[in-house]
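What follows is target-v3.pdb (PDB, C-alpha atoms).
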MODEL        1
ATOM      1  CA  MET B1404     -31.572  -4.774  38.505  1.00  0.00           C
ATOM      2  CA  LEU B1405     -34.287  -2.571  37.068  1.00  0.00           C
ATOM      3  CA  GLU B1406     -36.922  -4.569  38.947  1.00  0.00           C
ATOM      4  CA  ASN B1407     -35.496  -3.479  42.314  1.00  0.00           C
ATOM      5  CA  ASN B1408     -33.857  -6.838  42.903  1.00  0.00           C
ATOM      6  CA  LEU B1409     -31.320  -5.922  45.552  1.00  0.00           C
ATOM      7  CA  ASP B1410     -29.586  -9.313  45.473  1.00  0.00           C
ATOM      8  CA  ASP B1411     -28.954  -9.033  41.724  1.00  0.00           C
ATOM      9  CA  ALA B1412     -27.774  -5.444  42.118  1.00  0.00           C
ATOM     10  CA  GLU B1413     -25.392  -6.430  44.902  1.00  0.00           C
ATOM     11  CA  ARG B1414     -23.960  -9.336  42.852  1.00  0.00           C
ATOM     12  CA  TYR B1415     -23.542  -7.069  39.828  1.00  0.00           C
ATOM     13  CA  LEU B1416     -21.757  -4.366  41.826  1.00  0.00           C
ATOM     14  CA  THR B1417     -19.476  -6.925  43.464  1.00  0.00           C
ATOM     15  CA  LYS B1418     -18.517  -8.309  40.037  1.00  0.00           C
ATOM     16  CA  PHE B1419     -18.057  -4.780  38.707  1.00  0.00           C
ATOM     17  CA  ALA B1420     -15.758  -3.892  41.617  1.00  0.00           C
ATOM     18  CA  LYS B1421     -13.663  -7.013  40.951  1.00  0.00           C
ATOM     19  CA  LEU B1422     -13.377  -6.089  37.280  1.00  0.00           C
ATOM     20  CA  ILE B1423     -12.323  -2.521  38.068  1.00  0.00           C
ATOM     21  CA  ARG B1424      -9.749  -3.780  40.587  1.00  0.00           C
ATOM     22  CA  THR B1425      -8.362  -6.232  38.007  1.00  0.00           C
ATOM     23  CA  VAL B1426      -8.181  -3.519  35.333  1.00  0.00           C
ATOM     24  CA  PHE B1427      -6.340  -1.129  37.682  1.00  0.00           C
ATOM     25  CA  GLU B1428      -3.887  -3.857  38.674  1.00  0.00           C
ATOM     26  CA  ASN B1429      -3.249  -4.751  35.045  1.00  0.00           C
ATOM     27  CA  TRP B1430      -2.710  -1.126  34.002  1.00  0.00           C
ATOM     28  CA  GLN B1431       0.305  -0.960  36.303  1.00  0.00           C
ATOM     29  CA  SER B1432       2.286  -2.644  33.510  1.00  0.00           C
ATOM     30  CA  GLU B1433       2.647  -1.964  29.805  1.00  0.00           C
ATOM     31  CA  LEU B1434       2.466  -5.705  29.103  1.00  0.00           C
ATOM     32  CA  ILE B1435       0.855  -8.405  31.236  1.00  0.00           C
ATOM     33  CA  PRO B1436       0.802 -12.201  31.023  1.00  0.00           C
ATOM     34  CA  LEU B1437      -2.063 -13.519  28.914  1.00  0.00           C
ATOM     35  CA  ASP B1438      -3.529 -15.347  31.914  1.00  0.00           C
ATOM     36  CA  LYS B1439      -4.140 -11.978  33.642  1.00  0.00           C
ATOM     37  CA  GLU B1440      -5.788 -10.610  30.487  1.00  0.00           C
ATOM     38  CA  LEU B1441      -8.042 -13.682  30.304  1.00  0.00           C
ATOM     39  CA  LYS B1442      -9.000 -13.245  33.965  1.00  0.00           C
ATOM     40  CA  ALA B1443     -10.115  -9.667  33.276  1.00  0.00           C
ATOM     41  CA  LEU B1444     -11.993 -10.825  30.183  1.00  0.00           C
ATOM     42  CA  ARG B1445     -13.827 -13.492  32.177  1.00  0.00           C
ATOM     43  CA  ARG B1446     -14.875 -10.855  34.738  1.00  0.00           C
ATOM     44  CA  TYR B1447     -16.148  -8.598  31.966  1.00  0.00           C
ATOM     45  CA  LEU B1448     -18.176 -11.447  30.459  1.00  0.00           C
ATOM     46  CA  GLU B1449     -19.682 -12.304  33.849  1.00  0.00           C
ATOM     47  CA  LEU B1450     -21.072  -8.760  33.991  1.00  0.00           C
ATOM     48  CA  GLU B1451     -22.436  -8.886  30.459  1.00  0.00           C
ATOM     49  CA  GLU B1452     -23.999 -12.286  31.066  1.00  0.00           C
ATOM     50  CA  GLN B1453     -25.836 -10.949  34.102  1.00  0.00           C
ATOM     51  CA  ARG B1454     -26.834  -7.726  32.318  1.00  0.00           C
ATOM     52  CA  LEU B1455     -28.265  -9.569  29.314  1.00  0.00           C
ATOM     53  CA  ARG B1456     -30.180 -12.031  31.519  1.00  0.00           C
ATOM     54  CA  GLY B1457     -30.014 -15.305  29.640  1.00  0.00           C
ATOM     55  CA  LYS B1458     -29.350 -13.818  26.214  1.00  0.00           C
ATOM     56  CA  LEU B1459     -25.582 -14.476  26.380  1.00  0.00           C
ATOM     57  CA  THR B1460     -23.518 -17.541  27.128  1.00  0.00           C
ATOM     58  CA  TYR B1461     -19.769 -17.746  26.909  1.00  0.00           C
ATOM     59  CA  SER B1462     -17.057 -20.358  27.114  1.00  0.00           C
ATOM     60  CA  PHE B1463     -13.299 -20.517  27.404  1.00  0.00           C
ATOM     61  CA  GLU B1464     -11.327 -23.367  25.835  1.00  0.00           C
ATOM     62  CA  LEU B1465      -7.781 -22.695  26.923  1.00  0.00           C
ATOM     63  CA  GLU B1466      -4.485 -24.372  26.111  1.00  0.00           C
ATOM     64  CA  SER B1467      -2.796 -22.752  29.044  1.00  0.00           C
ATOM     65  CA  SER B1468       0.827 -23.858  28.665  1.00  0.00           C
ATOM     66  CA  MET B1469       1.753 -20.537  27.033  1.00  0.00           C
ATOM     67  CA  HIS B1470      -0.438 -18.135  29.037  1.00  0.00           C
ATOM     68  CA  SER B1471       2.340 -17.018  31.366  1.00  0.00           C
ATOM     69  CA  LYS B1472       4.845 -16.709  28.467  1.00  0.00           C
ATOM     70  CA  ILE B1473       2.708 -14.614  26.100  1.00  0.00           C
ATOM     71  CA  HIS B1474       2.486 -10.946  27.135  1.00  0.00           C
ATOM     72  CA  VAL B1475      -0.086  -8.462  25.846  1.00  0.00           C
ATOM     73  CA  PRO B1476      -1.128  -4.895  26.635  1.00  0.00           C
ATOM     74  CA  PRO B1477      -3.925  -4.712  29.214  1.00  0.00           C
ATOM     75  CA  LEU B1478      -7.424  -4.827  27.736  1.00  0.00           C
ATOM     76  CA  LEU B1479      -6.227  -5.994  24.323  1.00  0.00           C
ATOM     77  CA  LEU B1480      -8.968  -8.621  23.977  1.00  0.00           C
ATOM     78  CA  GLN B1481     -11.845  -6.818  25.706  1.00  0.00           C
ATOM     79  CA  PRO B1482     -12.787  -4.504  22.782  1.00  0.00           C
ATOM     80  CA  PHE B1483     -13.323  -7.524  20.510  1.00  0.00           C
ATOM     81  CA  VAL B1484     -15.620  -9.131  23.062  1.00  0.00           C
ATOM     82  CA  GLU B1485     -17.415  -5.849  23.772  1.00  0.00           C
ATOM     83  CA  ASN B1486     -18.043  -5.406  20.035  1.00  0.00           C
ATOM     84  CA  ALA B1487     -19.401  -8.944  19.847  1.00  0.00           C
ATOM     85  CA  VAL B1488     -21.815  -8.213  22.690  1.00  0.00           C
ATOM     86  CA  ILE B1489     -22.970  -4.717  21.742  1.00  0.00           C
ATOM     87  CA  HIS B1490     -22.931  -4.857  17.947  1.00  0.00           C
ATOM     88  CA  GLY B1491     -23.716  -8.535  17.465  1.00  0.00           C
ATOM     89  CA  ILE B1492     -25.321 -10.533  20.246  1.00  0.00           C
ATOM     90  CA  GLN B1493     -27.379  -7.772  21.842  1.00  0.00           C
ATOM     91  CA  LEU B1494     -29.145  -7.306  18.493  1.00  0.00           C
ATOM     92  CA  LEU B1495     -30.147 -10.971  18.191  1.00  0.00           C
ATOM     93  CA  LYS B1496     -33.672 -12.145  18.870  1.00  0.00           C
ATOM     94  CA  SER B1497     -32.287 -15.469  20.100  1.00  0.00           C
ATOM     95  CA  GLU B1498     -29.539 -16.384  22.552  1.00  0.00           C
ATOM     96  CA  GLY B1499     -26.006 -15.476  21.583  1.00  0.00           C
ATOM     97  CA  TRP B1500     -22.688 -17.011  22.507  1.00  0.00           C
ATOM     98  CA  ILE B1501     -19.038 -16.053  22.623  1.00  0.00           C
ATOM     99  CA  LYS B1502     -16.202 -18.576  22.596  1.00  0.00           C
ATOM    100  CA  ILE B1503     -12.655 -17.699  23.543  1.00  0.00           C
ATOM    101  CA  ARG B1504     -10.074 -20.296  22.584  1.00  0.00           C
ATOM    102  CA  THR B1505      -6.321 -20.396  22.909  1.00  0.00           C
ATOM    103  CA  PHE B1506      -4.392 -23.069  21.049  1.00  0.00           C
ATOM    104  CA  ARG B1507      -1.136 -23.972  19.341  1.00  0.00           C
ATOM    105  CA  SER B1508      -0.989 -24.191  15.572  1.00  0.00           C
ATOM    106  CA  GLY B1509       2.430 -25.492  14.590  1.00  0.00           C
ATOM    107  CA  THR B1510       4.892 -22.990  16.017  1.00  0.00           C
ATOM    108  CA  ASP B1511       2.202 -20.315  16.412  1.00  0.00           C
ATOM    109  CA  PHE B1512       0.055 -19.558  19.431  1.00  0.00           C
ATOM    110  CA  CYS B1513      -3.466 -18.389  18.627  1.00  0.00           C
ATOM    111  CA  ILE B1514      -6.279 -16.599  20.421  1.00  0.00           C
ATOM    112  CA  LEU B1515      -9.662 -17.006  18.767  1.00  0.00           C
ATOM    113  CA  ILE B1516     -12.707 -14.966  19.763  1.00  0.00           C
ATOM    114  CA  GLU B1517     -15.814 -16.154  17.986  1.00  0.00           C
ATOM    115  CA  ASP B1518     -19.490 -15.250  18.315  1.00  0.00           C
ATOM    116  CA  ASN B1519     -22.825 -15.961  16.689  1.00  0.00           C
ATOM    117  CA  GLY B1520     -23.995 -12.341  16.616  1.00  0.00           C
ATOM    118  CA  ILE B1521     -25.410 -10.636  13.546  1.00  0.00           C
ATOM    119  CA  GLY B1522     -21.963 -10.208  11.973  1.00  0.00           C
ATOM    120  CA  ILE B1523     -19.901  -7.254  10.821  1.00  0.00           C
ATOM    121  CA  GLU B1524     -21.727  -6.435   7.606  1.00  0.00           C
ATOM    122  CA  ALA B1525     -25.217  -6.629   9.146  1.00  0.00           C
ATOM    123  CA  SER B1526     -24.063  -4.471  12.054  1.00  0.00           C
ATOM    124  CA  LYS B1527     -22.578  -1.852   9.713  1.00  0.00           C
ATOM    125  CA  LYS B1528     -25.803  -1.777   7.726  1.00  0.00           C
ATOM    126  CA  MET B1529     -27.911  -1.286  10.871  1.00  0.00           C
ATOM    127  CA  LYS B1530     -25.595   1.465  12.138  1.00  0.00           C
ATOM    128  CA  SER B1531     -25.681   3.304   8.811  1.00  0.00           C
ATOM    129  CA  GLU B1532     -29.487   3.255   8.902  1.00  0.00           C
ATOM    130  CA  THR B1533     -29.921   4.248  12.552  1.00  0.00           C
ATOM    131  CA  ASN B1534     -26.932   6.536  13.170  1.00  0.00           C
ATOM    132  CA  PRO B1535     -25.175   7.466   9.909  1.00  0.00           C
ATOM    133  CA  ASP B1536     -23.050  10.227  11.476  1.00  0.00           C
ATOM    134  CA  HIS B1537     -21.456   7.976  14.112  1.00  0.00           C
ATOM    135  CA  HIS B1538     -18.005   6.605  13.275  1.00  0.00           C
ATOM    136  CA  SER B1539     -16.737   4.061  15.776  1.00  0.00           C
ATOM    137  CA  LYS B1540     -13.059   4.254  16.643  1.00  0.00           C
ATOM    138  CA  GLY B1541     -12.757   1.195  18.902  1.00  0.00           C
ATOM    139  CA  MET B1542     -11.612  -1.339  16.326  1.00  0.00           C
ATOM    140  CA  GLN B1543      -9.242   1.102  14.638  1.00  0.00           C
ATOM    141  CA  LEU B1544      -7.605   1.921  17.984  1.00  0.00           C
ATOM    142  CA  THR B1545      -7.279  -1.773  18.805  1.00  0.00           C
ATOM    143  CA  LYS B1546      -5.692  -2.476  15.409  1.00  0.00           C
ATOM    144  CA  GLU B1547      -3.244   0.338  16.125  1.00  0.00           C
ATOM    145  CA  ARG B1548      -2.390  -1.256  19.486  1.00  0.00           C
ATOM    146  CA  VAL B1549      -1.612  -4.525  17.702  1.00  0.00           C
ATOM    147  CA  GLN B1550       0.629  -2.607  15.298  1.00  0.00           C
ATOM    148  CA  LEU B1551       2.380  -1.024  18.302  1.00  0.00           C
ATOM    149  CA  MET B1552       2.975  -4.496  19.714  1.00  0.00           C
ATOM    150  CA  ARG B1553       4.834  -5.297  16.506  1.00  0.00           C
ATOM    151  CA  ASP B1554       6.701  -2.015  16.204  1.00  0.00           C
ATOM    152  CA  LEU B1555       7.471  -1.021  19.779  1.00  0.00           C
ATOM    153  CA  TYR B1556       7.707  -4.348  21.599  1.00  0.00           C
ATOM    154  CA  ARG B1557       8.846  -6.419  18.600  1.00  0.00           C
ATOM    155  CA  ILE B1558       6.085  -8.966  19.282  1.00  0.00           C
ATOM    156  CA  PRO B1559       5.423 -10.975  16.110  1.00  0.00           C
ATOM    157  CA  ILE B1560       1.624 -10.881  16.006  1.00  0.00           C
ATOM    158  CA  THR B1561      -1.058 -10.759  13.324  1.00  0.00           C
ATOM    159  CA  LEU B1562      -4.733  -9.883  13.632  1.00  0.00           C
ATOM    160  CA  LYS B1563      -7.491 -11.095  11.344  1.00  0.00           C
ATOM    161  CA  ILE B1564     -11.135 -10.053  11.811  1.00  0.00           C
ATOM    162  CA  THR B1565     -13.639 -11.853   9.604  1.00  0.00           C
ATOM    163  CA  ASP B1566     -17.398 -11.765   9.179  1.00  0.00           C
ATOM    164  CA  LYS B1567     -18.370 -15.437   9.338  1.00  0.00           C
ATOM    165  CA  LEU B1568     -20.577 -14.961   6.262  1.00  0.00           C
ATOM    166  CA  THR B1569     -17.369 -15.268   4.257  1.00  0.00           C
ATOM    167  CA  PHE B1570     -17.085 -18.858   5.544  1.00  0.00           C
ATOM    168  CA  GLY B1571     -20.587 -19.754   4.319  1.00  0.00           C
ATOM    169  CA  LYS B1572     -23.987 -18.142   3.749  1.00  0.00           C
ATOM    170  CA  HIS B1573     -25.563 -20.056   6.622  1.00  0.00           C
ATOM    171  CA  LEU B1574     -23.035 -18.749   9.170  1.00  0.00           C
ATOM    172  CA  ARG B1575     -23.347 -15.542  11.131  1.00  0.00           C
ATOM    173  CA  GLY B1576     -21.155 -13.786  13.646  1.00  0.00           C
ATOM    174  CA  THR B1577     -17.568 -12.649  13.826  1.00  0.00           C
ATOM    175  CA  HIS B1578     -14.258 -14.501  13.934  1.00  0.00           C
ATOM    176  CA  VAL B1579     -11.275 -12.656  15.496  1.00  0.00           C
ATOM    177  CA  LEU B1580      -7.919 -14.397  15.331  1.00  0.00           C
ATOM    178  CA  LEU B1581      -4.760 -13.100  17.002  1.00  0.00           C
ATOM    179  CA  THR B1582      -1.712 -15.159  16.071  1.00  0.00           C
ATOM    180  CA  PHE B1583       1.614 -14.954  17.868  1.00  0.00           C
ATOM    181  CA  HIS B1584       4.363 -16.226  15.569  1.00  0.00           C
ATOM    182  CA  LEU B1585       6.678 -17.742  18.156  1.00  0.00           C
ATOM    183  CA  ASN B1586       9.563 -18.733  15.901  1.00  0.00           C
ATOM    184  CA  THR B1587       9.945 -15.375  14.119  1.00  0.00           C
ATOM    185  CA  ARG B1588      10.731 -11.767  14.921  1.00  0.00           C
ATOM    186  CA  PRO B1589       9.354  -8.857  12.872  1.00  0.00           C
TER     187      PRO B1589
ENDMDL
END
The structure given in the file should be rewritten as structure tokens.
Amino acid sequence: MLENNLDDAERYLTKFAKLIRTVFENWQSELIPLDKELKALRRYLELEEQRLRGKLTYSFELESSMHSKIHVPPLLLQPFVENAVIHGIQLLKSEGWIKIRTFRSGTDFCILIEDNGIGIEASKKMKSETNPDHHSKGMQLTKERVQLMRDLYRIPITLKITDKLTFGKHLRGTHVLLTFHLNTRP
């Protein structure tokens, strides 16, 4: 868009308008079906893919049988993906990717958001060197929303955010796992 490409600018604005419309529609309810949340997430990723011009790819691997039965607050997943883009993939010299998977694991239903960005620890180190006075609140607020899902809506859910370095020294990126425990109540 910076090169005065009107076609790209028009496509970007059209996608942005669709995202905003989807977000407004979703905010009409305290909880929405997961399929609506995934639709908004896909629209967000389309914008980021266009903005980063070939530096980001994404994929969805969805086991959709539960998507209309699982309900989440609007924009629950977007902060995890935004963090992956801004604090992980955008800082790479090579192409980055984000994978969103939904799947059953026994009686649980899981949402996995995974990326190959620089990872949590590397991002924290860079932030402390470049902007030591900035303290991000996004992840803390999202963790609090998950806690509210448990406390207020009695949704049995757990959240685990892991730097992929803990899985092996050759791995990089972040692994976010939301697990809905379908056979239990908190």
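Ranking B:Arg1456, B:Arg1446, B:Lys1439, B:His1578 by their shortest atom-to-atom distance to Asp1411 in chain B, with only C-alpha atoms included, puts B:Arg1456 first.
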Within 8 Å of range 1465-1475 of chain B, which residues of range 1479-1529 of chain B show up? Give each one with its shortest atom-to-atom distance in Å (one decimal) and the two atoms involved, counting all atoms listed in the file, rows by chain then rising residue number, as a tab-separated table.
residue	atom	partner	partner_atom	distance
B:Leu1479	CA	B:Val1475	CA	6.8
B:Ile1503	CA	B:Leu1465	CA	7.8
B:Arg1504	CA	B:Leu1465	CA	5.5
B:Thr1505	CA	B:Leu1465	CA	4.9
B:Phe1506	CA	B:Glu1466	CA	5.2
B:Arg1507	CA	B:Glu1466	CA	7.6
B:Phe1512	CA	B:Met1469	CA	7.9
How would the residues just chosen look if you wrote them out with C-alpha atoms as a PDB file, in the coordinates of the input?
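So the final result, stored in again-v2.pdb, reads:
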ATOM      1  CA  LEU B1479      -6.227  -5.994  24.323  1.00  0.00           C
ATOM      2  CA  ILE B1503     -12.655 -17.699  23.543  1.00  0.00           C
ATOM      3  CA  ARG B1504     -10.074 -20.296  22.584  1.00  0.00           C
ATOM      4  CA  THR B1505      -6.321 -20.396  22.909  1.00  0.00           C
ATOM      5  CA  PHE B1506      -4.392 -23.069  21.049  1.00  0.00           C
ATOM      6  CA  ARG B1507      -1.136 -23.972  19.341  1.00  0.00           C
ATOM      7  CA  PHE B1512       0.055 -19.558  19.431  1.00  0.00           C
TER       8      PHE B1512
END
Determine the residue membership of the PyMOL selection byres ((chain B and resi 1577) around 9) for the file above and supply it as a VMD selection string. chain B and resid 1487 1491 1516 to 1523 1564 to 1568 1575 to 1576 1578 to 1579
As AutoDock Vina command-line options, please: the centre and edge lengths in Å, to one decimal, of an axis-aligned box enclosing every listed atom of range 1515-1525 of chain B with 8 Å added on each side.
--center_x -17.5 --center_y -11.7 --center_z 13.7 --size_x 31.7 --size_y 26.6 --size_z 28.2
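Taking CA of Thr1460 in chain B and CA of Trp1500 in chain B as endpoints, the distance between them is 4.7 Å.
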Give as number ranges by chain the residues that the PyMOL selection byres ((chain B and resi 1478) around 8) matches when applied to the coordinates above. B: 1426, 1440, 1443-1444, 1476-1477, 1479-1482
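Computed from the coordinates, the CA of Pro1559 in chain B to CA of Leu1581 in chain B distance equals 10.4 Å.
On the file presented, the PyMOL selection byres ((chain B and resi 1539) around 12) picks out B:Pro1482, B:Asn1486, B:His1490, B:Ser1526, B:Lys1527, B:Lys1530, B:Ser1531, B:Asn1534, B:Pro1535, B:Asp1536, B:His1537, B:His1538, B:Lys1540, B:Gly1541, B:Met1542, B:Gln1543, B:Leu1544, B:Thr1545.
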A straight line from CA of Ile1423 in chain B to CA of Leu1437 in chain B spans 17.6 Å
When you count all atoms listed in the file, which of these residues is closest to Leu1555 in chain B: B:Gly1457, B:Phe1483, B:Leu1434, B:Met1529? B:Leu1434
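Shortest atom-to-atom contact with Ile1492 in chain B among B:Glu1452, B:Gly1571, B:Arg1557, B:Leu1422: B:Glu1452, counting all atoms listed in the file.
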Just write range 1493-1505 of chain B with N, CA and C atoms, as a JSON list (two decimals), in the first residue's frame, taken from the block above.
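As a result, part38.json now contains:
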[["chain", "number", "residue", "atom", "x", "y", "z"],
["B", 1493, "GLN", "N", 7.07, -11.10, 12.89],
["B", 1493, "GLN", "CA", 7.50, -9.84, 12.30],
["B", 1493, "GLN", "C", 8.99, -9.59, 12.52],
["B", 1494, "LEU", "N", 9.55, -10.18, 13.56],
["B", 1494, "LEU", "CA", 10.96, -9.98, 13.89],
["B", 1494, "LEU", "C", 11.88, -10.99, 13.21],
["B", 1495, "LEU", "N", 11.31, -11.95, 12.50],
["B", 1495, "LEU", "CA", 12.11, -12.94, 11.78],
["B", 1495, "LEU", "C", 12.73, -12.35, 10.53],
["B", 1496, "LYS", "N", 13.87, -12.89, 10.15],
["B", 1496, "LYS", "CA", 14.46, -12.52, 8.85],
["B", 1496, "LYS", "C", 13.89, -13.39, 7.74],
["B", 1497, "SER", "N", 13.36, -14.55, 8.11],
["B", 1497, "SER", "CA", 12.78, -15.47, 7.13],
["B", 1497, "SER", "C", 11.26, -15.45, 7.26],
["B", 1498, "GLU", "N", 10.61, -16.28, 6.45],
["B", 1498, "GLU", "CA", 9.15, -16.36, 6.47],
["B", 1498, "GLU", "C", 8.67, -17.04, 7.75],
["B", 1499, "GLY", "N", 7.59, -16.53, 8.29],
["B", 1499, "GLY", "CA", 7.00, -17.12, 9.47],
["B", 1499, "GLY", "C", 5.66, -17.76, 9.15],
["B", 1500, "TRP", "N", 5.23, -18.62, 10.05],
["B", 1500, "TRP", "CA", 3.93, -19.28, 9.87],
["B", 1500, "TRP", "C", 3.19, -19.37, 11.20],
["B", 1501, "ILE", "N", 1.89, -19.44, 11.07],
["B", 1501, "ILE", "CA", 0.99, -19.66, 12.21],
["B", 1501, "ILE", "C", 0.05, -20.78, 11.82],
["B", 1502, "LYS", "N", -0.11, -21.74, 12.73],
["B", 1502, "LYS", "CA", -1.05, -22.84, 12.53],
["B", 1502, "LYS", "C", -2.08, -22.80, 13.63],
["B", 1503, "ILE", "N", -3.33, -22.88, 13.24],
["B", 1503, "ILE", "CA", -4.43, -22.97, 14.20],
["B", 1503, "ILE", "C", -5.07, -24.32, 13.99],
["B", 1504, "ARG", "N", -5.09, -25.12, 15.05],
["B", 1504, "ARG", "CA", -5.68, -26.45, 14.98],
["B", 1504, "ARG", "C", -6.74, -26.60, 16.06],
["B", 1505, "THR", "N", -7.81, -27.28, 15.72],
["B", 1505, "THR", "CA", -8.77, -27.72, 16.72],
["B", 1505, "THR", "C", -8.85, -29.23, 16.60]]
